[in-house]
>>> print(open('coords.cif').read())   # mmCIF, C-alpha atoms
data_start
#
loop_
_atom_site.label_atom_id
_atom_site.label_comp_id
_atom_site.auth_asym_id
_atom_site.auth_seq_id
_atom_site.Cartn_x
_atom_site.Cartn_y
_atom_site.Cartn_z
CA MET E 1 -43.01 1.27 5.73
CA GLY E 2 -42.24 -1.22 8.52
CA TYR E 3 -42.12 0.23 11.98
CA GLU E 4 -38.48 -0.85 12.38
CA LEU E 5 -37.38 1.47 9.56
CA GLY E 6 -39.53 4.32 10.88
CA VAL E 7 -38.11 4.02 14.41
CA SER E 8 -34.51 3.87 13.08
CA LEU E 9 -35.03 7.05 11.03
CA ARG E 10 -36.40 8.85 14.11
CA TYR E 11 -33.40 7.77 16.16
CA ILE E 12 -31.06 9.42 13.66
CA LYS E 13 -32.61 12.80 14.45
CA SER E 14 -30.99 13.47 17.81
CA LYS E 15 -32.38 15.73 20.50
CA LYS E 16 -30.37 18.39 22.29
CA LYS E 17 -29.28 16.06 25.08
CA GLN E 18 -28.08 13.55 22.44
CA ARG E 19 -26.00 16.06 20.49
CA PHE E 20 -22.78 14.16 21.24
CA VAL E 21 -24.28 11.06 19.58
CA SER E 22 -25.12 13.20 16.54
CA ILE E 23 -21.51 14.43 16.32
CA ILE E 24 -20.22 10.84 16.35
CA THR E 25 -22.74 9.95 13.63
CA LEU E 26 -21.55 12.92 11.55
CA LEU E 27 -17.91 11.88 11.98
CA SER E 28 -18.83 8.34 10.92
CA ILE E 29 -20.44 9.67 7.75
CA ILE E 30 -17.39 11.85 7.02
CA GLY E 31 -15.02 8.93 7.63
CA ILE E 32 -16.86 6.66 5.21
CA MET E 33 -17.20 9.51 2.68
CA VAL E 34 -13.45 10.23 2.75
CA GLY E 35 -12.58 6.55 2.43
CA VAL E 36 -14.93 5.99 -0.51
CA MET E 37 -13.78 9.20 -2.22
CA ALA E 38 -10.11 8.26 -1.81
CA LEU E 39 -10.76 4.78 -3.18
CA ILE E 40 -12.62 6.12 -6.22
CA ILE E 41 -9.87 8.63 -7.05
CA VAL E 42 -6.92 6.28 -6.48
CA LEU E 43 -8.42 3.33 -8.37
CA SER E 44 -9.54 5.56 -11.25
CA VAL E 45 -6.08 7.15 -11.50
CA MET E 46 -4.31 3.80 -11.37
CA THR E 47 -6.71 2.34 -13.95
CA GLY E 48 -6.10 5.39 -16.13
CA PHE E 49 -2.36 4.99 -15.71
CA GLU E 50 -2.60 1.33 -16.73
CA ASP E 51 -4.84 2.09 -19.75
CA ASP E 52 -2.70 5.01 -20.87
CA LEU E 53 0.50 3.02 -20.53
CA ARG E 54 -1.02 0.07 -22.37
CA GLY E 55 -2.25 2.33 -25.18
CA LYS E 56 1.16 3.96 -25.63
CA ILE E 57 3.00 0.65 -25.56
CA LEU E 58 0.61 -0.94 -28.07
CA GLY E 59 0.66 2.20 -30.20
CA THR E 60 4.39 1.71 -30.70
CA ASN E 61 4.67 -2.08 -30.43
CA ALA E 62 2.63 -4.86 -32.00
CA HIS E 63 0.09 -7.01 -30.18
CA ILE E 64 1.94 -10.20 -31.16
CA VAL E 65 5.49 -10.81 -32.39
CA VAL E 66 6.48 -13.93 -34.35
CA LEU E 67 10.18 -14.83 -34.13
CA LYS E 68 12.45 -17.69 -35.09
CA PHE E 69 14.66 -19.65 -32.70
CA SER E 70 17.58 -19.61 -35.13
CA GLY E 71 17.71 -15.80 -35.18
CA GLY E 72 16.86 -13.99 -38.41
CA MET E 73 13.72 -14.99 -40.29
CA ASP E 74 14.01 -15.83 -43.98
CA LYS E 75 11.06 -16.29 -46.39
CA TYR E 76 9.03 -13.99 -44.19
CA SER E 77 6.66 -13.12 -47.04
CA SER E 78 5.31 -16.68 -47.15
CA VAL E 79 4.92 -16.75 -43.36
CA SER E 80 3.08 -13.42 -43.50
CA SER E 81 0.74 -14.71 -46.23
CA PHE E 82 0.07 -17.85 -44.20
CA LEU E 83 -0.89 -15.81 -41.13
CA LYS E 84 -3.15 -13.44 -43.06
CA TYR E 85 -4.85 -15.78 -45.54
CA THR E 86 -3.87 -19.44 -45.43
CA MET E 87 -4.20 -20.21 -41.71
CA LYS E 88 -7.99 -19.96 -41.74
CA LYS E 89 -8.23 -22.32 -44.73
CA ASP E 90 -5.77 -24.70 -43.09
CA ILE E 91 -7.86 -24.83 -39.91
CA ASN E 92 -10.95 -25.63 -42.03
CA ARG E 93 -9.06 -28.36 -43.90
CA GLN E 94 -7.85 -29.97 -40.67
CA TYR E 95 -11.36 -29.82 -39.27
CA ARG E 96 -12.86 -31.53 -42.31
CA VAL E 97 -10.26 -34.31 -42.19
CA GLN E 98 -10.72 -34.90 -38.45
CA HIS E 99 -14.49 -34.59 -38.56
CA HIS E 100 -14.89 -36.85 -41.59
CA GLY E 101 -12.37 -39.26 -40.15
CA GLY E 102 -14.93 -40.70 -37.83
CA ALA E 103 -16.66 -38.92 -35.00
CA ASN E 104 -19.01 -41.72 -33.96
CA ASN E 105 -20.78 -40.02 -31.10
CA ILE E 106 -22.54 -36.72 -30.50
CA LEU E 107 -20.25 -35.61 -27.67
CA HIS E 108 -17.11 -36.03 -29.78
CA THR E 109 -18.70 -34.19 -32.72
CA PHE E 110 -19.80 -31.33 -30.46
CA THR E 111 -16.28 -31.02 -28.99
CA GLU E 112 -14.73 -30.89 -32.46
CA ASP E 113 -17.24 -28.20 -33.52
CA VAL E 114 -16.46 -26.05 -30.47
CA LEU E 115 -12.68 -26.33 -30.97
CA HIS E 116 -13.04 -25.55 -34.66
CA ASP E 117 -15.17 -22.46 -34.02
CA GLU E 118 -12.75 -21.27 -31.34
CA LYS E 119 -9.76 -21.64 -33.66
CA LEU E 120 -11.56 -19.89 -36.52
CA GLY E 121 -12.54 -17.05 -34.19
CA LEU E 122 -8.95 -16.58 -33.08
CA ALA E 123 -7.69 -16.76 -36.67
CA ASP E 124 -10.18 -14.04 -37.66
CA GLN E 125 -8.67 -11.78 -34.99
CA ILE E 126 -5.62 -11.01 -37.18
CA GLU E 127 -5.95 -7.58 -38.79
CA GLY E 128 -2.44 -6.84 -40.06
CA VAL E 129 1.03 -8.37 -40.40
CA THR E 130 4.28 -6.53 -41.10
CA PRO E 131 7.99 -7.51 -41.00
CA PHE E 132 10.41 -5.71 -38.72
CA ILE E 133 14.08 -5.53 -37.81
CA TYR E 134 15.27 -4.93 -34.27
CA SER E 135 18.82 -3.94 -33.37
CA GLN E 136 20.82 -1.64 -31.14
CA ALA E 137 23.04 1.12 -32.45
CA MET E 138 24.43 4.56 -31.66
CA LEU E 139 23.42 7.90 -33.16
CA SER E 140 25.78 10.82 -33.40
CA SER E 141 25.39 14.40 -34.60
CA HIS E 142 27.15 17.69 -33.84
CA GLY E 143 29.42 15.92 -31.36
CA ASN E 144 26.51 14.39 -29.43
CA VAL E 145 26.29 10.59 -29.15
CA THR E 146 23.52 8.43 -27.69
CA GLY E 147 22.50 4.78 -27.78
CA VAL E 148 19.22 3.89 -29.49
CA VAL E 149 17.01 0.96 -30.39
CA LEU E 150 16.98 0.74 -34.17
CA ARG E 151 13.83 -0.59 -35.82
CA GLY E 152 13.48 -1.37 -39.50
CA ILE E 153 9.89 -1.24 -40.76
CA ASP E 154 8.04 -1.66 -44.03
CA PRO E 155 6.47 1.78 -44.72
CA THR E 156 3.65 0.19 -46.77
CA THR E 157 2.41 -2.27 -44.10
CA ALA E 158 3.66 -0.82 -40.79
CA THR E 159 0.63 1.49 -40.52
CA GLN E 160 -1.62 -1.61 -40.40
CA VAL E 161 0.01 -2.73 -37.16
CA THR E 162 1.31 0.31 -35.25
CA ASP E 163 0.14 3.91 -34.81
CA LEU E 164 3.47 5.51 -35.72
CA SER E 165 1.84 7.72 -38.37
CA LYS E 166 -0.46 9.20 -35.70
CA LYS E 167 2.51 9.90 -33.41
CA LEU E 168 4.45 11.95 -35.98
CA ILE E 169 4.66 15.65 -35.25
CA ARG E 170 6.74 16.27 -38.40
CA GLY E 171 7.37 14.28 -41.56
CA SER E 172 5.73 11.06 -42.80
CA ILE E 173 6.46 7.34 -42.85
CA SER E 174 6.49 7.19 -46.65
CA GLN E 175 9.66 9.32 -46.69
CA LEU E 176 11.58 6.44 -45.10
CA ALA E 177 11.66 4.72 -48.48
CA ALA E 178 12.94 7.83 -50.30
CA THR E 179 16.58 8.73 -50.93
CA PHE E 180 18.16 12.15 -50.43
CA LYS E 181 21.29 13.93 -51.51
CA ASP E 182 23.90 14.52 -48.83
CA PRO E 183 24.92 18.21 -49.04
CA GLU E 184 28.49 17.41 -47.93
CA SER E 185 29.42 14.35 -50.03
CA ASN E 186 26.67 14.49 -52.70
CA ALA E 187 26.02 10.79 -51.97
CA ARG E 188 22.54 9.31 -51.81
CA ILE E 189 21.39 8.68 -48.24
CA GLY E 190 18.25 7.19 -46.70
CA GLY E 191 15.75 8.60 -44.22
CA ILE E 192 15.33 8.07 -40.49
CA ILE E 193 12.55 8.92 -38.03
CA ILE E 194 13.55 9.67 -34.44
CA GLY E 195 11.81 10.58 -31.20
CA LYS E 196 11.29 14.11 -29.97
CA GLU E 197 13.52 13.75 -26.91
CA LEU E 198 16.20 12.01 -28.98
CA ALA E 199 16.19 14.88 -31.50
CA ARG E 200 16.55 17.33 -28.63
CA SER E 201 19.51 15.49 -27.08
CA LEU E 202 21.27 15.25 -30.47
CA GLY E 203 20.46 18.84 -31.38
CA VAL E 204 18.87 17.95 -34.73
CA ASP E 205 15.58 18.69 -36.45
CA ASP E 206 13.67 17.60 -39.51
CA GLY E 207 16.01 17.76 -42.52
CA ASP E 208 19.28 17.42 -40.59
CA THR E 209 21.60 14.44 -40.90
CA VAL E 210 22.74 11.93 -38.28
CA ASN E 211 25.29 9.12 -38.29
CA ILE E 212 24.28 5.60 -37.26
CA ILE E 213 27.07 3.52 -35.76
CA SER E 214 26.51 -0.23 -35.52
CA PRO E 215 28.18 -2.31 -32.76
CA LEU E 216 28.67 -5.04 -35.39
CA GLY E 217 31.81 -3.78 -37.05
CA ILE E 218 33.63 -4.55 -40.30
CA MET E 219 36.81 -6.62 -40.30
CA THR E 220 39.71 -4.82 -42.02
CA PRO E 221 43.48 -5.40 -42.17
CA LEU E 222 43.74 -2.92 -39.31
CA GLY E 223 41.23 -4.83 -37.20
CA MET E 224 37.55 -4.44 -36.42
CA ILE E 225 36.13 -1.00 -37.16
CA PRO E 226 32.50 0.06 -36.50
CA ARG E 227 30.07 0.24 -39.37
CA MET E 228 28.83 3.82 -39.84
CA LYS E 229 26.35 5.38 -42.25
CA LYS E 230 24.70 8.77 -42.62
CA PHE E 231 20.91 9.26 -42.74
CA ARG E 232 18.63 12.25 -43.06
CA VAL E 233 15.98 12.97 -40.42
CA VAL E 234 12.64 12.77 -42.29
CA GLY E 235 10.31 12.69 -39.30
CA ILE E 236 10.03 13.27 -35.57
CA PHE E 237 7.50 11.43 -33.40
CA SER E 238 6.18 11.86 -29.89
CA THR E 239 4.50 8.96 -28.06
CA GLY E 240 4.27 10.66 -24.68
CA MET E 241 6.56 8.00 -23.19
CA TYR E 242 10.00 9.34 -22.39
CA GLU E 243 11.74 5.99 -22.90
CA TYR E 244 10.45 5.66 -26.45
CA ASP E 245 10.88 9.31 -27.39
CA SER E 246 14.49 9.34 -26.19
CA GLY E 247 15.74 5.97 -27.38
CA LEU E 248 13.92 4.81 -30.53
CA ALA E 249 14.70 5.36 -34.22
CA TYR E 250 13.06 3.99 -37.38
CA LEU E 251 14.58 3.06 -40.74
CA SER E 252 12.97 1.53 -43.78
CA LEU E 253 13.22 -2.25 -43.90
CA LYS E 254 15.50 -2.14 -46.95
CA ASN E 255 17.91 0.40 -45.44
CA ALA E 256 18.06 -1.52 -42.16
CA GLN E 257 18.83 -4.78 -43.99
CA GLN E 258 21.62 -3.12 -45.95
CA PHE E 259 23.12 -1.32 -42.96
CA LEU E 260 23.04 -4.40 -40.70
CA ASN E 261 24.16 -6.70 -43.54
CA MET E 262 21.13 -9.00 -43.08
CA GLY E 263 20.45 -9.77 -46.72
CA ASP E 264 16.76 -10.54 -47.21
CA ASN E 265 16.24 -11.64 -43.60
CA VAL E 266 14.24 -9.85 -40.92
CA THR E 267 14.06 -10.17 -37.15
CA GLY E 268 10.42 -11.26 -37.19
CA LEU E 269 6.81 -10.35 -37.92
CA GLU E 270 4.55 -7.98 -36.01
CA ILE E 271 0.83 -8.73 -35.82
CA LYS E 272 -2.16 -6.59 -34.90
CA ILE E 273 -5.40 -8.21 -33.69
CA LYS E 274 -8.92 -6.93 -33.02
CA ASP E 275 -9.16 -7.73 -29.31
CA ILE E 276 -5.92 -7.00 -27.46
CA PHE E 277 -7.01 -9.14 -24.50
CA LYS E 278 -7.07 -12.25 -26.72
CA ALA E 279 -3.42 -11.77 -27.74
CA ARG E 280 -2.17 -14.67 -25.63
CA GLN E 281 -4.69 -17.15 -27.11
CA VAL E 282 -3.99 -15.95 -30.67
CA ALA E 283 -0.22 -16.20 -30.08
CA ARG E 284 -0.67 -19.78 -28.85
CA LEU E 285 -2.71 -20.64 -31.96
CA ILE E 286 -0.11 -19.08 -34.27
CA GLN E 287 2.68 -21.02 -32.58
CA ASP E 288 0.71 -24.27 -32.93
CA GLU E 289 0.00 -23.61 -36.60
CA LEU E 290 3.53 -22.53 -37.56
CA GLY E 291 5.35 -25.07 -35.41
CA PHE E 292 9.07 -25.24 -34.74
CA PRO E 293 11.34 -23.23 -35.26
CA TYR E 294 8.85 -20.35 -34.99
CA TYR E 295 7.42 -19.00 -31.75
CA ALA E 296 5.00 -16.20 -30.92
CA ARG E 297 4.94 -13.76 -28.00
CA SER E 298 2.03 -11.55 -27.04
CA TRP E 299 2.24 -8.06 -25.56
CA GLU E 300 1.00 -9.53 -22.26
CA ASP E 301 4.03 -11.83 -22.11
CA THR E 302 6.47 -9.13 -23.19
CA ASN E 303 5.27 -6.61 -20.59
CA ARG E 304 4.17 -9.09 -17.93
CA ASN E 305 6.36 -7.71 -15.14
CA LEU E 306 5.20 -4.14 -15.68
CA PHE E 307 1.46 -4.83 -15.73
CA THR E 308 1.68 -7.41 -12.95
CA ALA E 309 3.35 -4.78 -10.77
CA LEU E 310 0.61 -2.27 -11.60
CA LYS E 311 -2.10 -4.78 -10.75
CA LEU E 312 -0.42 -5.68 -7.46
CA GLU E 313 -0.01 -2.00 -6.59
CA LYS E 314 -3.69 -1.36 -7.28
CA THR E 315 -4.69 -4.28 -5.05
CA VAL E 316 -2.46 -3.09 -2.21
CA MET E 317 -3.81 0.46 -2.47
CA PHE E 318 -7.37 -0.88 -2.34
CA ILE E 319 -6.60 -2.83 0.85
CA ILE E 320 -4.88 0.16 2.47
CA LEU E 321 -7.66 2.60 1.66
CA ILE E 322 -10.32 0.17 2.87
CA LEU E 323 -8.87 0.85 6.32
CA ILE E 324 -10.16 4.43 6.08
CA ILE E 325 -13.68 3.08 5.54
CA MET E 326 -13.17 0.73 8.50
CA VAL E 327 -12.30 3.73 10.68
CA GLY E 328 -15.62 5.26 9.68
CA ALA E 329 -17.28 1.92 10.43
CA LEU E 330 -15.84 2.01 13.95
CA GLY E 331 -17.60 5.35 14.32
CA ILE E 332 -20.84 3.58 13.39
CA VAL E 333 -20.21 1.06 16.16
CA SER E 334 -19.58 3.83 18.72
CA SER E 335 -22.62 5.77 17.58
CA LEU E 336 -24.95 2.77 17.77
CA VAL E 337 -23.62 1.70 21.17
CA MET E 338 -24.37 5.16 22.56
CA VAL E 339 -27.82 5.15 20.95
CA VAL E 340 -28.54 1.77 22.54
CA VAL E 341 -27.57 3.20 25.94
CA GLU E 342 -29.78 6.27 25.36
CA LYS E 343 -32.73 4.23 24.06
CA THR E 344 -32.71 1.45 26.65
CA ARG E 345 -36.17 2.50 27.95
CA ASP E 346 -37.59 2.66 24.41
CA ILE E 347 -36.24 -0.81 23.63
CA ALA E 348 -37.82 -2.20 26.79
CA ILE E 349 -41.19 -0.63 25.94
CA LEU E 350 -41.09 -2.02 22.41
CA LYS E 351 -40.34 -5.48 23.74
CA ALA E 352 -43.15 -5.17 26.27
CA LEU E 353 -45.49 -4.31 23.41
CA GLY E 354 -44.47 -7.50 21.57
CA ALA E 355 -41.43 -6.54 19.48
CA THR E 356 -39.15 -9.51 18.80
CA ASP E 357 -35.36 -9.61 19.12
CA LYS E 358 -35.18 -9.68 15.33
CA SER E 359 -37.20 -6.45 15.05
CA ILE E 360 -34.98 -4.70 17.62
CA MET E 361 -31.90 -5.76 15.66
CA LYS E 362 -33.45 -4.44 12.45
CA ILE E 363 -33.95 -0.99 13.99
CA PHE E 364 -30.25 -0.52 14.72
CA VAL E 365 -29.05 -2.32 11.58
CA TYR E 366 -31.18 0.07 9.50
CA GLN E 367 -29.76 3.02 11.40
CA GLY E 368 -26.16 1.91 10.80
CA LEU E 369 -26.84 1.13 7.14
CA PHE E 370 -28.46 4.53 6.70
CA ILE E 371 -25.24 6.16 7.97
CA GLY E 372 -23.26 3.92 5.63
CA PHE E 373 -25.46 4.77 2.63
CA ILE E 374 -25.14 8.52 3.24
CA GLY E 375 -21.34 8.35 3.60
CA THR E 376 -21.01 6.07 0.56
CA GLY E 377 -23.28 8.23 -1.59
CA LEU E 378 -21.40 11.42 -0.70
CA GLY E 379 -18.06 9.68 -1.29
CA LEU E 380 -19.15 8.45 -4.72
CA PHE E 381 -20.42 11.92 -5.67
CA PHE E 382 -17.35 13.88 -4.58
CA GLY E 383 -15.03 11.18 -5.92
CA TYR E 384 -16.70 11.44 -9.33
CA ILE E 385 -16.46 15.25 -9.31
CA LEU E 386 -12.75 15.21 -8.45
CA CYS E 387 -12.07 12.55 -11.11
CA VAL E 388 -13.81 14.68 -13.73
CA LEU E 389 -11.73 17.71 -12.73
CA LEU E 390 -8.48 15.67 -12.86
CA LYS E 391 -9.40 14.21 -16.23
CA HIS E 392 -10.28 17.46 -17.98
CA TYR E 393 -7.95 20.02 -16.42
CA HIS E 394 -4.78 17.96 -15.72
CA PHE E 395 -3.75 20.18 -12.84
CA VAL E 396 -1.42 17.42 -11.55
CA SER E 397 1.71 17.00 -13.71
CA LEU E 398 4.44 14.37 -13.51
CA PRO E 399 8.16 14.61 -14.42
CA LYS E 400 8.58 12.90 -17.79
CA ASP E 401 12.07 11.63 -17.08
CA VAL E 402 10.84 9.76 -13.97
CA TYR E 403 7.42 8.46 -14.99
CA TYR E 404 6.23 6.98 -18.26
CA ILE E 405 3.70 9.79 -18.73
CA ASP E 406 3.66 13.53 -18.05
CA THR E 407 0.09 14.00 -16.77
CA LEU E 408 -2.10 12.18 -14.27
CA PRO E 409 -4.55 10.04 -16.28
CA VAL E 410 -8.02 9.14 -15.04
CA THR E 411 -10.27 6.32 -16.27
CA MET E 412 -13.65 6.02 -14.56
CA ARG E 413 -15.28 2.63 -14.90
CA PRO E 414 -18.70 1.61 -13.55
CA GLU E 415 -17.28 -1.56 -12.00
CA ILE E 416 -14.92 0.54 -9.84
CA PHE E 417 -17.81 2.56 -8.42
CA VAL E 418 -19.90 -0.58 -7.84
CA MET E 419 -17.03 -2.43 -6.16
CA VAL E 420 -16.22 0.47 -3.83
CA ALA E 421 -19.89 1.08 -2.98
CA VAL E 422 -20.55 -2.58 -2.20
CA SER E 423 -17.39 -2.80 -0.07
CA ALA E 424 -18.40 0.28 1.95
CA ILE E 425 -21.96 -0.96 2.50
CA VAL E 426 -20.79 -4.44 3.52
CA ILE E 427 -18.33 -2.96 6.05
CA SER E 428 -21.09 -0.70 7.40
CA PHE E 429 -23.41 -3.69 7.75
CA PHE E 430 -20.88 -5.71 9.74
CA ALA E 431 -20.30 -2.69 11.97
CA THR E 432 -23.98 -2.76 12.99
CA ILE E 433 -24.11 -6.40 14.06
CA TYR E 434 -22.60 -6.17 17.55
CA PRO E 435 -24.57 -3.09 18.82
CA SER E 436 -27.79 -4.43 17.29
CA TYR E 437 -27.31 -7.83 18.90
CA LYS E 438 -26.65 -6.28 22.31
CA ALA E 439 -29.77 -4.12 21.96
CA SER E 440 -31.93 -7.13 21.11
CA LYS E 441 -30.82 -8.97 24.26
CA LEU E 442 -31.81 -6.24 26.75
CA PRO E 443 -34.30 -7.69 29.29
CA PRO E 444 -37.44 -5.46 29.35
CA ALA E 445 -38.48 -6.34 32.93
CA GLU E 446 -35.15 -5.37 34.47
CA THR E 447 -35.01 -2.17 32.41
CA LEU E 448 -38.52 -0.96 33.30
CA ARG E 449 -38.41 -1.93 36.98
CA TYR E 450 -36.78 1.33 38.05
CA GLU E 451 -38.54 3.64 35.57
#
>>> encode(input="coords.cif", output="structure tokens")
Amino acid sequence: MGYELGVSLRYIKSKKKQRFVSIITLLSIIGIMVGVMALIIVLSVMTGFEDDLRGKILGTNAHIVVLKFSGGMDKYSSVSSFLKYTMKKDINRQYRVQHHGGANNILHTFTEDVLHDEKLGLADQIEGVTPFIYSQAMLSSHGNVTGVVLRGIDPTTATQVTDLSKKLIRGSISQLAATFKDPESNARIGGIIIGKELARSLGVDDGDTVNIISPLGIMTPLGMIPRMKKFRVVGIFSTGMYEYDSGLAYLSLKNAQQFLNMGDNVTGLEIKIKDIFKARQVARLIQDELGFPYYARSWEDTNRNLFTALKLEKTVMFIILILIIMVGALGIVSSLVMVVVEKTRDIAILKALGATDKSIMKIFVYQGLFIGFIGTGLGLFFGYILCVLLKHYHFVSLPKDVYYIDTLPVTMRPEIFVMVAVSAIVISFFATIYPSYKASKLPPAETLRYE
């Protein structure tokens, strides 16, 4: 152990006459501990909120949506087959033509190989493709009326793309394709799956019937009248997001096409990929391969405003809470300044014995860093404990009609702890520079003259 570190550790242990210095040191440790703990909890909660929100959005919506500029998409089966099977072969065929066409130098060949491998890797990301229909309508039952987003899905392929089957609390997706007998008119009616909050507002349950009213009416001699059809509730889902649970309803693709008079057209195709963070690159590849009039949108583009706001909020909270650590760092400055005043004679003696300015600086830098390490370590420990308690016991609840979720989520990531710890230590280090520099510049002769 170098003597600088040994002297700094001895200076931390204050004597009775230096008790005030010890109190300032303790307050500095507490200030840094509180700042680090607050940062760990806030960033973990905000990361958990972002992850939970992303999971619920992607559990209901696809990673990528392929649409057509002209509106409805016809011949969607061939487009779906191209995305699932043919696109990879097409990329290989294009590569062979381009590569055989005359790459005369190594650099050009290497570039073509890299681009080909990147395209193939993105094409291999596609796990499932399913058609969908998107429209707005109104649901009515027992005198209650509410507006909903109506989605037509293919019960056989929808489970490959979304997690709707896991969100069902009653019923099953397969019942969407079945037909049922209306007890009032004895007519055959289709099935519908609605959200838990929507079922509550309409006053219906599994097995009841609801009327769907389309804003696209039917022209009659008496004028335009709304299109209306009865469906039986065959399932109720709960995503944990109030907006989805209160305003979303599912029909089978066939029933939605018939009700909306779309023929064999659909709104578009939904795609699920392996790595959700590559959705934008895969969407760009799909758009390049399909060409006009098709275009692809990733979940990042669709929800850009929401997740950008969350990221900005997390950054702002980090900057604000760093100020708490800086307050603790100011305590380090005060503590070291007072120690320098108390240890002026010791500094002079050390210099007289041959200690350099650099060694004197090290003594007080080590002392300040030691305070910073203690405060940071305690903050990390207590922050972790509180995050674990929040994660497992959910003793903080949120109103579902205000927030997207009803409990406070927590996601602890190693990079959060490392980032906060490094920030706290760096701030503590900068807090030691001024007092250490002043201590190293004390003249030993002038100090010892009156001793």
>>> closest_residue(input="coords.cif", among="E:Val65, E:Gly207, E:Arg93, E:Val327", to="Ala296 (chain E)", atoms="all atoms listed in the file")
E:Val65
>>> atom_distance(input="coords.cif", atom1="CA of Gly379 (chain E)", atom2="CA of Ser44 (chain E)")
13.7 Å
>>> atom_distance(input="coords.cif", atom1="CA of Thr411 (chain E)", atom2="CA of Val388 (chain E)")
9.4 Å
>>> resolve_selection(input="coords.cif", expression="the PyMOL selection byres ((chain E and resi 123) around 9)", output="list in words")
Leu83, Lys84, Met87, Lys88, Ile91, Glu118, Lys119, Leu120, Gly121, Leu122, Asp124, Gln125, Ile126, Val282, Leu285 and Ile286 of chain E
>>> atom_distance(input="coords.cif", atom1="CA of Phe259 (chain E)", atom2="CA of Gln160 (chain E)")
24.9 Å
>>> closest_residue(input="coords.cif", among="E:Glu197, E:Val396, E:Ser70, E:Ala439", to="Lys343 (chain E)", atoms="only C-alpha atoms")
E:Ala439
>>> residues_around(input="coords.cif", residues="Ser141 (chain E)", least_positions_apart="3", cutoff="12 Å", atoms="all atoms listed in the file", output="PDB file with C-alpha atoms, in the coordinates of the input")
ATOM      1  CA  MET E 138      24.430   4.560 -31.660  1.00  0.00           C
ATOM      2  CA  ASN E 144      26.510  14.390 -29.430  1.00  0.00           C
ATOM      3  CA  VAL E 145      26.290  10.590 -29.150  1.00  0.00           C
ATOM      4  CA  THR E 146      23.520   8.430 -27.690  1.00  0.00           C
ATOM      5  CA  LEU E 198      16.200  12.010 -28.980  1.00  0.00           C
ATOM      6  CA  ALA E 199      16.190  14.880 -31.500  1.00  0.00           C
ATOM      7  CA  ARG E 200      16.550  17.330 -28.630  1.00  0.00           C
ATOM      8  CA  SER E 201      19.510  15.490 -27.080  1.00  0.00           C
ATOM      9  CA  LEU E 202      21.270  15.250 -30.470  1.00  0.00           C
ATOM     10  CA  GLY E 203      20.460  18.840 -31.380  1.00  0.00           C
ATOM     11  CA  VAL E 204      18.870  17.950 -34.730  1.00  0.00           C
ATOM     12  CA  ASP E 205      15.580  18.690 -36.450  1.00  0.00           C
ATOM     13  CA  ASP E 208      19.280  17.420 -40.590  1.00  0.00           C
ATOM     14  CA  THR E 209      21.600  14.440 -40.900  1.00  0.00           C
ATOM     15  CA  VAL E 210      22.740  11.930 -38.280  1.00  0.00           C
ATOM     16  CA  ASN E 211      25.290   9.120 -38.290  1.00  0.00           C
ATOM     17  CA  ILE E 212      24.280   5.600 -37.260  1.00  0.00           C
ATOM     18  CA  ILE E 213      27.070   3.520 -35.760  1.00  0.00           C
ATOM     19  CA  LYS E 229      26.350   5.380 -42.250  1.00  0.00           C
ATOM     20  CA  LYS E 230      24.700   8.770 -42.620  1.00  0.00           C
ATOM     21  CA  PHE E 231      20.910   9.260 -42.740  1.00  0.00           C
ATOM     22  CA  ARG E 232      18.630  12.250 -43.060  1.00  0.00           C
ATOM     23  CA  VAL E 233      15.980  12.970 -40.420  1.00  0.00           C
TER      24      VAL E 233
END
>>> resolve_selection(input="coords.cif", expression="the PyMOL selection byres ((chain E and resi 278) around 10)", output="PyMOL selection string")
chain E and resi 63+122+125+273-277+279-283+298+300
>>> residues_around(input="coords.cif", residues="region 429-434 of chain E", least_positions_apart="2", cutoff="10 Å", atoms="all atoms listed in the file", output="PyMOL selection string")
chain E and resi 326+328-337+361-362+364-370+372+423-427+436-439
>>> resolve_selection(input="coords.cif", expression="the PyMOL selection byres ((chain E and resi 247) around 7)", output="list in words")
Gly147, Val148, Val149, Leu198, Glu243, Tyr244, Asp245, Ser246, Leu248 and Ala249 of chain E
>>> residues_near_point(input="coords.cif", point="(-7.3, 2.0, -18.8)", cutoff="12 Å", atoms="all atoms listed in the file", output="JSON, numbers by chain")
{"E": [43, 44, 45, 46, 47, 48, 49, 50, 51, 52, 53, 54, 55, 56, 307, 310, 311, 409, 410, 411, 412, 413, 416]}
>>> write_last_selection(input="coords.cif", atoms="C-alpha atoms", output="compact mmCIF listing (two decimals), in the frame of the given file")
# COMPACT_ATOMS: atom_id res chain seq x y z
CA LEU E 43 -8.42 3.33 -8.37
CA SER E 44 -9.54 5.56 -11.25
CA VAL E 45 -6.08 7.15 -11.50
CA MET E 46 -4.31 3.80 -11.37
CA THR E 47 -6.71 2.34 -13.95
CA GLY E 48 -6.10 5.39 -16.13
CA PHE E 49 -2.36 4.99 -15.71
CA GLU E 50 -2.60 1.33 -16.73
CA ASP E 51 -4.84 2.09 -19.75
CA ASP E 52 -2.70 5.01 -20.87
CA LEU E 53 0.50 3.02 -20.53
CA ARG E 54 -1.02 0.07 -22.37
CA GLY E 55 -2.25 2.33 -25.18
CA LYS E 56 1.16 3.96 -25.63
CA PHE E 307 1.46 -4.83 -15.73
CA LEU E 310 0.61 -2.27 -11.60
CA LYS E 311 -2.10 -4.78 -10.75
CA PRO E 409 -4.55 10.04 -16.28
CA VAL E 410 -8.02 9.14 -15.04
CA THR E 411 -10.27 6.32 -16.27
CA MET E 412 -13.65 6.02 -14.56
CA ARG E 413 -15.28 2.63 -14.90
CA ILE E 416 -14.92 0.54 -9.84
